[in-house]
Amino acid sequence: MHHSRLGVIVIDCRTDDLGPATAFWKGVLGVEGEVDADGRYAVLRTAEGRPKVLLQAVDHDPRIHIDFETEDQAAEAARIVALGGRVIGKVKRWTVMEAPTGHRFCLVNPQQDDFPAHAARWED
């Protein structure tokens with residue numbers, strides 16, 4: 001048995017400086033947040049119980065993708081493959097997946113302290 005839930009909305013920004021993008025999205029969402037020490041990520045602090053919003057500096061075209069939190073990435077990947085998705089690969093601590101529609105998303109370890117609250121429960 002494992003759990004999964006929508007955990008993070010990731011805004012991929014094609015930039016070398018996340019500062020202006022962080023200021024923009026903080027203003028749009030009405031939240032606080034800051035760029036991390038290496039300048040690659042900025043976590044925007046959303047209300048408790050809401051998906052986290054993460055800005056990520058990338059070298060590909062800008063897009064928005066979602067991350068699903070799970071305590072068992074292998075089991076969740078197998079479940080999604082059975083639904084018609086496919087595994088693209090592993091990057092650092094997450095698994096990159098692709099839906100039959102071509103949309104990419106990631107499976108990540110739990111990102112918030114309340115996991116697995118509000119998560120779907122799956123029998124393996």
# chains A, B, ... in the order shown; residues from 1 in each chain; ligands from 1
call {"tool": "residues_around", "arguments": {"residues": "Lys92 of chain A", "least_positions_apart": "5", "cutoff": "12 Å", "atoms": "only C-alpha atoms", "output": "MDAnalysis selection string"}}
result
chainID A and resid 106:109
call {"tool": "residues_around", "arguments": {"residues": "Ala75 of chain A", "least_positions_apart": "2", "cutoff": "10 Å", "atoms": "only C-alpha atoms", "output": "count of residues only"}}
result
15
call {"tool": "closest_residue", "arguments": {"among": "A:Leu54, A:Gly49, A:Arg63, A:Glu76", "to": "Cys13 of chain A", "atoms": "only C-alpha atoms"}}
result
A:Arg63
call {"tool": "closest_residue", "arguments": {"among": "A:Ala99, A:Leu29, A:Val10, A:Val35", "to": "Ala47 of chain A", "atoms": "only C-alpha atoms"}}
result
A:Leu29
call {"tool": "residues_around", "arguments": {"residues": "Val96 of chain A", "least_positions_apart": "6", "cutoff": "7 Å", "atoms": "only C-alpha atoms", "output": "PyMOL selection string"}}
result
chain A and resi 87-90+104-107
call {"tool": "atom_distance", "arguments": {"atom1": "atom CA of Pro62 of chain A", "atom2": "atom CA of Asp16 of chain A"}}
result
12.6 Å
call {"tool": "closest_residue", "arguments": {"among": "A:His118, A:His65, A:His60, A:Lys26", "to": "Ile11 of chain A", "atoms": "only C-alpha atoms"}}
result
A:His65
call {"tool": "select_by_dssp", "arguments": {"residues": "segment 3-87 of chain A", "states": "strand (DSSP E or B)", "output": "JSON, numbers by chain"}}
result
{"A": [3, 4, 5, 6, 7, 8, 9, 10, 11, 12, 13, 14, 32, 33, 34, 35, 41, 42, 43, 44, 45, 52, 53, 54, 55, 56, 57, 58, 63, 64, 65, 66, 67, 68, 69, 70, 86, 87]}
call {"tool": "residues_around", "arguments": {"residues": "segment 17-23 of chain A", "least_positions_apart": "3", "cutoff": "10 Å", "atoms": "only C-alpha atoms", "output": "PyMOL selection string"}}
result
chain A and resi 11+13-14+26-28+31-36+39-44+54-58
call {"tool": "select_by_dssp", "arguments": {"residues": "chain A", "states": "helix (DSSP H, G or I)", "output": "PyMOL selection string"}}
result
chain A and resi 18-29+73-82
